[in-house]
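Asks: Data file structure08.pdb (PDB, C-alpha atoms) is appended below.
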```pdb
ATOM      1  CA  LEU A   1      -5.589   2.805   7.473
ATOM      2  CA  THR A   2      -3.679   0.189   9.441
ATOM      3  CA  VAL A   3      -2.072  -3.002   8.180
ATOM      4  CA  PHE A   4      -0.948  -5.629  10.690
ATOM      5  CA  LEU A   5       1.705  -7.944   9.246
ATOM      6  CA  ALA A   6       3.132 -11.284  10.335
ATOM      7  CA  LEU A   7       6.569 -11.766   8.811
ATOM      8  CA  ARG A   8       8.851 -14.760   8.527
ATOM      9  CA  GLY A   9      12.528 -14.391   9.282
ATOM     10  CA  GLY A  10      12.471 -12.834  12.744
ATOM     11  CA  ARG A  11      13.170  -9.286  13.858
ATOM     12  CA  PRO A  12      16.746  -8.161  13.200
ATOM     13  CA  GLU A  13      18.558  -6.877  16.297
ATOM     14  CA  ASP A  14      19.280  -3.554  14.578
ATOM     15  CA  ALA A  15      15.626  -3.001  13.566
ATOM     16  CA  VAL A  16      14.361   0.485  14.334
ATOM     17  CA  HIS A  17      11.239   0.448  16.527
ATOM     18  CA  ARG A  18       9.486   3.351  14.737
ATOM     19  CA  THR A  19      10.187   4.735  11.272
ATOM     20  CA  VAL A  20       8.208   7.257   9.264
ATOM     21  CA  VAL A  21       8.404   7.019   5.472
ATOM     22  CA  HIS A  22       7.247  10.384   4.168
ATOM     23  CA  ALA A  23       5.114  10.864   1.072
ATOM     24  CA  PRO A  24       7.124  12.173  -1.872
ATOM     25  CA  ASP A  25       4.259  14.504  -2.849
ATOM     26  CA  ARG A  26       2.721  16.140   0.224
ATOM     27  CA  GLU A  27       0.236  18.098  -1.911
ATOM     28  CA  ALA A  28      -1.167  14.875  -3.429
ATOM     29  CA  GLU A  29      -1.431  13.385   0.054
ATOM     30  CA  LEU A  30      -3.365  16.410   1.355
ATOM     31  CA  THR A  31      -5.692  16.311  -1.657
ATOM     32  CA  ALA A  32      -6.383  12.606  -0.998
ATOM     33  CA  LEU A  33      -7.166  13.423   2.636
ATOM     34  CA  PHE A  34      -9.179  16.602   2.262
ATOM     35  CA  GLY A  35     -10.118  16.685  -1.427
ATOM     36  CA  ALA A  36      -9.697  19.414  -3.958
ATOM     37  CA  GLU A  37     -11.966  22.427  -3.909
ATOM     38  CA  GLY A  38     -15.344  21.492  -5.387
ATOM     39  CA  ASP A  39     -14.595  17.771  -5.027
ATOM     40  CA  GLY A  40     -17.744  16.166  -3.677
ATOM     41  CA  GLY A  41     -17.472  12.552  -4.809
ATOM     42  CA  PRO A  42     -15.643   9.573  -3.324
ATOM     43  CA  ARG A  43     -11.862   9.674  -3.575
ATOM     44  CA  GLU A  44      -9.045   7.149  -3.685
ATOM     45  CA  PRO A  45      -6.443   6.824  -0.945
ATOM     46  CA  CYS A  46      -3.200   8.672  -1.657
ATOM     47  CA  PRO A  47      -1.001   6.770  -4.146
ATOM     48  CA  ARG A  48       2.142   7.348  -1.993
ATOM     49  CA  PRO A  49       1.084   8.143   1.600
ATOM     50  CA  THR A  50       3.234   8.957   4.604
ATOM     51  CA  VAL A  51       3.535   5.617   6.430
ATOM     52  CA  THR A  52       4.478   4.942  10.044
ATOM     53  CA  VAL A  53       6.275   1.603  10.397
ATOM     54  CA  LEU A  54       6.250   0.042  13.875
ATOM     55  CA  ARG A  55       8.537  -2.931  14.620
ATOM     56  CA  PRO A  56       8.187  -3.541  18.377
ATOM     57  CA  ASP A  57      10.614  -5.882  20.094
ATOM     58  CA  ASP A  58       7.904  -7.673  22.067
ATOM     59  CA  PRO A  59       7.937 -11.491  22.190
ATOM     60  CA  ALA A  60       4.297 -11.476  23.378
ATOM     61  CA  ILE A  61       3.036 -10.432  19.921
ATOM     62  CA  ARG A  62       4.778 -13.129  17.867
ATOM     63  CA  PRO A  63       4.823 -16.929  18.151
ATOM     64  CA  ASP A  64       8.645 -17.231  18.322
ATOM     65  CA  ASP A  65      11.942 -15.575  17.385
ATOM     66  CA  ASP A  66      11.605 -16.757  13.770
ATOM     67  CA  HIS A  67       8.711 -14.329  13.215
ATOM     68  CA  GLU A  68       8.220 -10.576  13.359
ATOM     69  CA  ALA A  69       5.103  -8.473  13.928
ATOM     70  CA  VAL A  70       4.972  -5.168  12.039
ATOM     71  CA  THR A  71       2.269  -2.520  11.996
ATOM     72  CA  LEU A  72       1.924  -0.028   9.150
ATOM     73  CA  SER A  73      -0.372   2.972   9.440
ATOM     74  CA  ALA A  74      -1.251   6.012   7.395
ATOM     75  CA  VAL A  75      -3.743   8.827   7.744
ATOM     76  CA  VAL A  76      -6.533   8.381   5.200
ATOM     77  CA  ALA A  77      -9.833  10.041   4.418
ATOM     78  CA  PRO A  78     -12.698   8.707   6.545
ATOM     79  CA  HIS A  79     -15.430   6.437   5.262
ATOM     80  CA  GLY A  80     -17.531   8.618   3.011
ATOM     81  CA  PRO A  81     -14.856  10.527   1.097
ATOM     82  CA  VAL A  82     -13.325   7.094   0.331
ATOM     83  CA  ASP A  83     -15.655   4.116  -0.106
ATOM     84  CA  TRP A  84     -14.128   1.451   2.149
ATOM     85  CA  THR A  85     -17.119  -0.943   1.901
ATOM     86  CA  GLY A  86     -16.189  -3.229  -0.985
ATOM     87  CA  GLY A  87     -12.662  -4.067   0.054
ATOM     88  CA  GLU A  88     -11.058  -2.856  -3.179
ATOM     89  CA  ALA A  89      -9.932   0.474  -1.686
ATOM     90  CA  ALA A  90      -8.617  -1.367   1.392
ATOM     91  CA  ALA A  91      -6.599  -3.782  -0.752
ATOM     92  CA  ARG A  92      -5.148  -0.959  -2.861
ATOM     93  CA  GLY A  93      -4.408   1.090   0.251
ATOM     94  CA  ALA A  94      -2.701  -1.845   1.997
ATOM     95  CA  ASP A  95      -0.608  -2.498  -1.104
ATOM     96  CA  ARG A  96       0.464   1.165  -1.153
ATOM     97  CA  LEU A  97       1.440   1.059   2.539
ATOM     98  CA  ILE A  98       3.471  -2.122   2.019
ATOM     99  CA  THR A  99       5.226  -0.610  -1.016
ATOM    100  CA  ALA A 100       6.099   2.567   0.904
ATOM    101  CA  ALA A 101       7.257   0.558   3.960
ATOM    102  CA  GLU A 102       9.771  -1.341   1.839
ATOM    103  CA  ALA A 103      11.943   1.788   2.051
ATOM    104  CA  ALA A 104      12.294   1.010   5.787
ATOM    105  CA  ILE A 105      12.193  -2.802   5.546
ATOM    106  CA  PRO A 106      13.831  -4.013   2.318
ATOM    107  CA  GLY A 107      12.274  -7.259   1.066
ATOM    108  CA  LEU A 108       9.191  -6.747   3.239
ATOM    109  CA  ARG A 109       6.710  -8.071   0.681
ATOM    110  CA  ASP A 110       8.609 -11.367   0.299
ATOM    111  CA  ARG A 111       8.539 -11.990   4.082
ATOM    112  CA  ILE A 112       4.763 -11.589   4.578
ATOM    113  CA  LEU A 113       3.006 -14.667   5.981
ATOM    114  CA  TRP A 114      -0.343 -12.925   6.414
ATOM    115  CA  HIS A 115      -1.752  -9.456   6.943
ATOM    116  CA  GLU A 116      -4.908  -7.846   8.275
ATOM    117  CA  VAL A 117      -6.209  -4.480   7.078
ATOM    118  CA  ARG A 118      -8.239  -2.118   9.292
ATOM    119  CA  THR A 119     -10.031   0.738   7.534
ATOM    120  CA  PRO A 120     -12.052   3.706   8.810
ATOM    121  CA  ARG A 121     -15.154   1.622   8.083
ATOM    122  CA  ASP A 122     -13.907  -1.074  10.493
ATOM    123  CA  ILE A 123     -13.189   1.564  13.156
ATOM    124  CA  ALA A 124     -16.679   3.044  12.686
ATOM    125  CA  ALA A 125     -18.279  -0.408  13.025
ATOM    126  CA  ASP A 126     -16.249  -1.257  16.140
ATOM    127  CA  THR A 127     -16.514   2.061  17.957
ATOM    128  CA  GLY A 128     -19.524   3.905  16.570
ATOM    129  CA  VAL A 129     -17.358   6.903  15.654
ATOM    130  CA  ALA A 130     -18.818   8.585  12.565
ATOM    131  CA  GLY A 131     -16.690   7.825   9.498
ATOM    132  CA  GLY A 132     -14.184   5.912  11.618
ATOM    133  CA  SER A 133     -12.275   9.103  12.212
ATOM    134  CA  VAL A 134      -9.668   8.704  14.954
ATOM    135  CA  PRO A 135      -8.426  11.975  16.426
ATOM    136  CA  GLY A 136      -4.841  12.852  15.662
ATOM    137  CA  PRO A 137      -2.323  14.163  18.142
ATOM    138  CA  ALA A 138      -2.614  17.694  19.478
ATOM    139  CA  LEU A 139       0.219  19.701  17.988
ATOM    140  CA  ALA A 140       1.759  22.783  19.526
ATOM    141  CA  GLY A 141       2.674  25.706  17.317
ATOM    142  CA  ALA A 142       0.635  27.369  14.565
ATOM    143  CA  GLU A 143      -0.665  29.758  17.247
ATOM    144  CA  GLY A 144      -2.531  26.902  18.951
ATOM    145  CA  ARG A 145      -4.735  25.992  15.969
ATOM    146  CA  TYR A 146      -4.033  22.259  16.420
ATOM    147  CA  LEU A 147      -4.514  22.056  20.169
ATOM    148  CA  ARG A 148      -7.567  20.287  21.593
ATOM    149  CA  PRO A 149     -10.185  21.965  23.803
ATOM    150  CA  ALA A 150      -9.464  22.069  27.542
ATOM    151  CA  ASN A 151     -10.935  19.387  29.814
ATOM    152  CA  LEU A 152     -12.691  21.983  31.967
ATOM    153  CA  THR A 153     -15.532  23.915  30.323
ATOM    154  CA  ARG A 154     -17.397  27.066  31.340
ATOM    155  CA  LEU A 155     -20.473  25.011  32.221
ATOM    156  CA  PRO A 156     -20.362  23.704  35.808
ATOM    157  CA  GLY A 157     -20.161  19.896  35.855
ATOM    158  CA  LEU A 158     -19.363  19.568  32.132
ATOM    159  CA  TYR A 159     -15.931  18.119  31.397
ATOM    160  CA  LEU A 160     -14.340  16.983  28.152
ATOM    161  CA  ALA A 161     -12.431  13.700  28.007
ATOM    162  CA  GLY A 162     -11.120  11.532  25.190
ATOM    163  CA  GLY A 163      -9.120  11.962  22.019
ATOM    164  CA  TRP A 164     -10.976  15.063  20.836
ATOM    165  CA  SER A 165     -10.029  17.013  23.989
ATOM    166  CA  HIS A 166      -6.745  17.822  25.770
ATOM    167  CA  PRO A 167      -4.127  16.276  25.404
ATOM    168  CA  GLY A 168      -5.267  14.821  22.042
ATOM    169  CA  GLY A 169      -5.714  11.586  20.122
ATOM    170  CA  GLY A 170      -4.251   8.162  20.633
ATOM    171  CA  LEU A 171      -4.944   5.601  23.314
ATOM    172  CA  ALA A 172      -2.395   6.984  25.786
ATOM    173  CA  HIS A 173      -3.613  10.571  25.395
ATOM    174  CA  ALA A 174      -7.266   9.567  25.694
ATOM    175  CA  GLY A 175      -6.396   7.766  28.949
ATOM    176  CA  MET A 176      -4.531  10.830  30.211
ATOM    177  CA  SER A 177      -7.562  12.928  29.339
ATOM    178  CA  GLY A 178      -9.771  10.681  31.486
ATOM    179  CA  ALA A 179      -7.276  10.886  34.366
ATOM    180  CA  LEU A 180      -7.211  14.689  34.111
ATOM    181  CA  VAL A 181     -11.009  14.859  34.228
ATOM    182  CA  ALA A 182     -11.107  12.471  37.196
ATOM    183  CA  GLY A 183      -8.646  14.765  38.989
ATOM    184  CA  LEU A 184     -10.777  17.804  38.195
ATOM    185  CA  ILE A 185     -13.886  16.080  39.551
ATOM    186  CA  VAL A 186     -12.197  14.861  42.745
ATOM    187  CA  GLU A 187      -9.849  17.787  43.447
ATOM    188  CA  GLY A 188     -11.792  20.672  41.866
ATOM    189  CA  GLN A 189     -10.834  23.119  39.154
ATOM    190  CA  ASP A 190      -7.711  24.297  41.007
ATOM    191  CA  TRP A 191      -6.158  20.873  40.370
ATOM    192  CA  ARG A 192      -3.301  21.181  37.880
ATOM    193  CA  GLY A 193      -2.845  17.539  36.875
ATOM    194  CA  SER A 194       0.706  16.678  35.932
ATOM    195  CA  GLN A 195       2.042  20.232  36.306
TER
END
```
Kindly present the structure from the file in structure tokens form.
Replies:
Amino acid sequence: LTVFLALRGGRPEDAVHRTVVHAPDREAELTALFGAEGDGGPREPCPRPTVTVLRPDDPAIRPDDDHEAVTLSAVVAPHGPVDWTGGEAAARGADRLITAAEAAIPGLRDRILWHEVRTPRDIAADTGVAGGSVPGPALAGAEGRYLRPANLTRLPGLYLAGGWSHPGGGLAHAGMSGALVAGLIVEGQDWRGSQ
């Protein structure tokens, strides 16, 4: 779930570019994401999710110095486990993100000029990805359980590129994945990319 905000009052010089406000109850957040055992019906977004607050210092994304652009995002269950169609879940989810983000930006709610909410349903409609599920980052540790599959497969001529393969999700990583595959195609499987 992503909420784009336009704020009045400008960006303070001491504003932190990226802040993560962690959920007070990680177990409740995991249940909202993955459901409880035997839970087959639609769920609600987590009441207090972990929220990433982005406050870039980029004049190109705001009309002038008297305004600030802020992006709030949280991992939520894809369309299906949560019914994002009617707009009610999106509104409740956006309100929860704004409330949590006030820990990083005091008085946030009073500064909002407008906001736009993007749900997994919107992502699915725009990209065709089932459920609107965007791949998360590949994480080292845990004996490699959270790493993505390699770009080179055992089948000759079959390569994996994009957020679901190495190096993982996110626009930058998906681009790197495409560059790695291009290198493998041009240079062959001995090519080591950025190593």
Asks: For the file shown, report as an MDAnalysis selection string the outcome of the PyMOL selection byres ((chain A and resi 149-165) around 8) at residue level.
Replies: chainID A and resid 134:136 147:148 166:171 173:175 177:178 180:181 184 189
Asks: Excluding region 87-90 of chain A and any residue of its chain fewer than 3 positions from it, enumerate the residues within 8 Å of it, using only C-alpha atoms, and give them as JSON, numbers by chain.
Replies: {"A": [1, 44, 45, 82, 83, 84, 93, 94, 117, 118, 119]}
Asks: Calculate how many Å separate CA of Val3 (chain A) from CA of Met176 (chain A), rounding to one decimal.
Replies: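 Those two atoms sit 26.1 Å apart.
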Asks: Calculate how many Å separate CA of Asp25 (chain A) from CA of Ala103 (chain A), rounding to one decimal.
Replies: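 Pair CA of Asp25 (chain A) / CA of Ala103 (chain A) returns 15.6 Å.
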Asks: Could you check how far CA of Thr2 (chain A) sits from CA of Ala23 (chain A), in Å to one decimal?
Replies: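 Straight-line distance from CA of Thr2 (chain A) to CA of Ala23 (chain A) works out to 16.2 Å.
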Asks: Measuring between all atoms listed in the file, which one of A:Leu5, A:Leu72, A:Ala77, A:Leu54 shows the shortest distance to Ser133 (chain A)?
Replies: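 Smallest distance to Ser133 (chain A) is found for A:Ala77.
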Asks: Determine the nearest neighbour of Asp66 (chain A) from the options A:Val51, A:Gly132, A:Gly183, A:Arg8, counting all atoms listed in the file.
Replies: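 Among the listed residues, A:Arg8 lies closest to Asp66 (chain A).
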Asks: If the PyMOL selection byres ((chain A and resi 12-21) around 12) is run on the structure shown, which residues does it catch, given as a VMD selection string?
Replies: chain A and resid 7 to 11 22 to 26 48 to 58 65 to 74 96 to 106
Asks: Based on the selection just made, write C-alpha atoms of those residues as a short mmCIF file (atom, residue, chain, number, x, y, z; two decimals), in the coordinates of the input.
Replies:
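This is the output file result_11.cif:
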```cif
data_model
loop_
_atom_site.label_atom_id
_atom_site.label_comp_id
_atom_site.auth_asym_id
_atom_site.auth_seq_id
_atom_site.Cartn_x
_atom_site.Cartn_y
_atom_site.Cartn_z
CA LEU A 7 6.57 -11.77 8.81
CA ARG A 8 8.85 -14.76 8.53
CA GLY A 9 12.53 -14.39 9.28
CA GLY A 10 12.47 -12.83 12.74
CA ARG A 11 13.17 -9.29 13.86
CA HIS A 22 7.25 10.38 4.17
CA ALA A 23 5.11 10.86 1.07
CA PRO A 24 7.12 12.17 -1.87
CA ASP A 25 4.26 14.50 -2.85
CA ARG A 26 2.72 16.14 0.22
CA ARG A 48 2.14 7.35 -1.99
CA PRO A 49 1.08 8.14 1.60
CA THR A 50 3.23 8.96 4.60
CA VAL A 51 3.54 5.62 6.43
CA THR A 52 4.48 4.94 10.04
CA VAL A 53 6.28 1.60 10.40
CA LEU A 54 6.25 0.04 13.88
CA ARG A 55 8.54 -2.93 14.62
CA PRO A 56 8.19 -3.54 18.38
CA ASP A 57 10.61 -5.88 20.09
CA ASP A 58 7.90 -7.67 22.07
CA ASP A 65 11.94 -15.58 17.39
CA ASP A 66 11.60 -16.76 13.77
CA HIS A 67 8.71 -14.33 13.22
CA GLU A 68 8.22 -10.58 13.36
CA ALA A 69 5.10 -8.47 13.93
CA VAL A 70 4.97 -5.17 12.04
CA THR A 71 2.27 -2.52 12.00
CA LEU A 72 1.92 -0.03 9.15
CA SER A 73 -0.37 2.97 9.44
CA ALA A 74 -1.25 6.01 7.40
CA ARG A 96 0.46 1.16 -1.15
CA LEU A 97 1.44 1.06 2.54
CA ILE A 98 3.47 -2.12 2.02
CA THR A 99 5.23 -0.61 -1.02
CA ALA A 100 6.10 2.57 0.90
CA ALA A 101 7.26 0.56 3.96
CA GLU A 102 9.77 -1.34 1.84
CA ALA A 103 11.94 1.79 2.05
CA ALA A 104 12.29 1.01 5.79
CA ILE A 105 12.19 -2.80 5.55
CA PRO A 106 13.83 -4.01 2.32
#
```
Asks: Centre and edge lengths of an axis-aligned box around all listed atoms of region 31-34 of chain A, with 5 Å added on each side, are to be given in Å to one decimal, as lines of an AutoDock Vina configuration file.
Replies:
```
center_x = -7.4
center_y = 14.6
center_z = 0.5
size_x = 13.5
size_y = 14.0
size_z = 14.3
```
Asks: Take the PyMOL selection byres ((chain A and resi 113) around 6), apply it to the structure above, and return the hits as a list in words.
Replies: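 Applied to this file, the PyMOL selection byres ((chain A and resi 113) around 6) returns Ala6, Leu7, Ile112 and Trp114 of chain A.
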Asks: Find, counting only C-alpha atoms, the residue in A:Val76, A:Glu116, A:Ile61, A:Ile123 that gets nearest to Arg43 (chain A).
Replies: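 When distances to Arg43 (chain A) are compared using only C-alpha atoms, the smallest one comes from A:Val76.
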Asks: Taking only C-alpha atoms into account, which of A:Thr85, A:Arg62, A:Ala179, A:Gly128 comes nearest Trp191 (chain A)?
Replies: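 Answer, going by the shortest atom-to-atom distance: A:Ala179.
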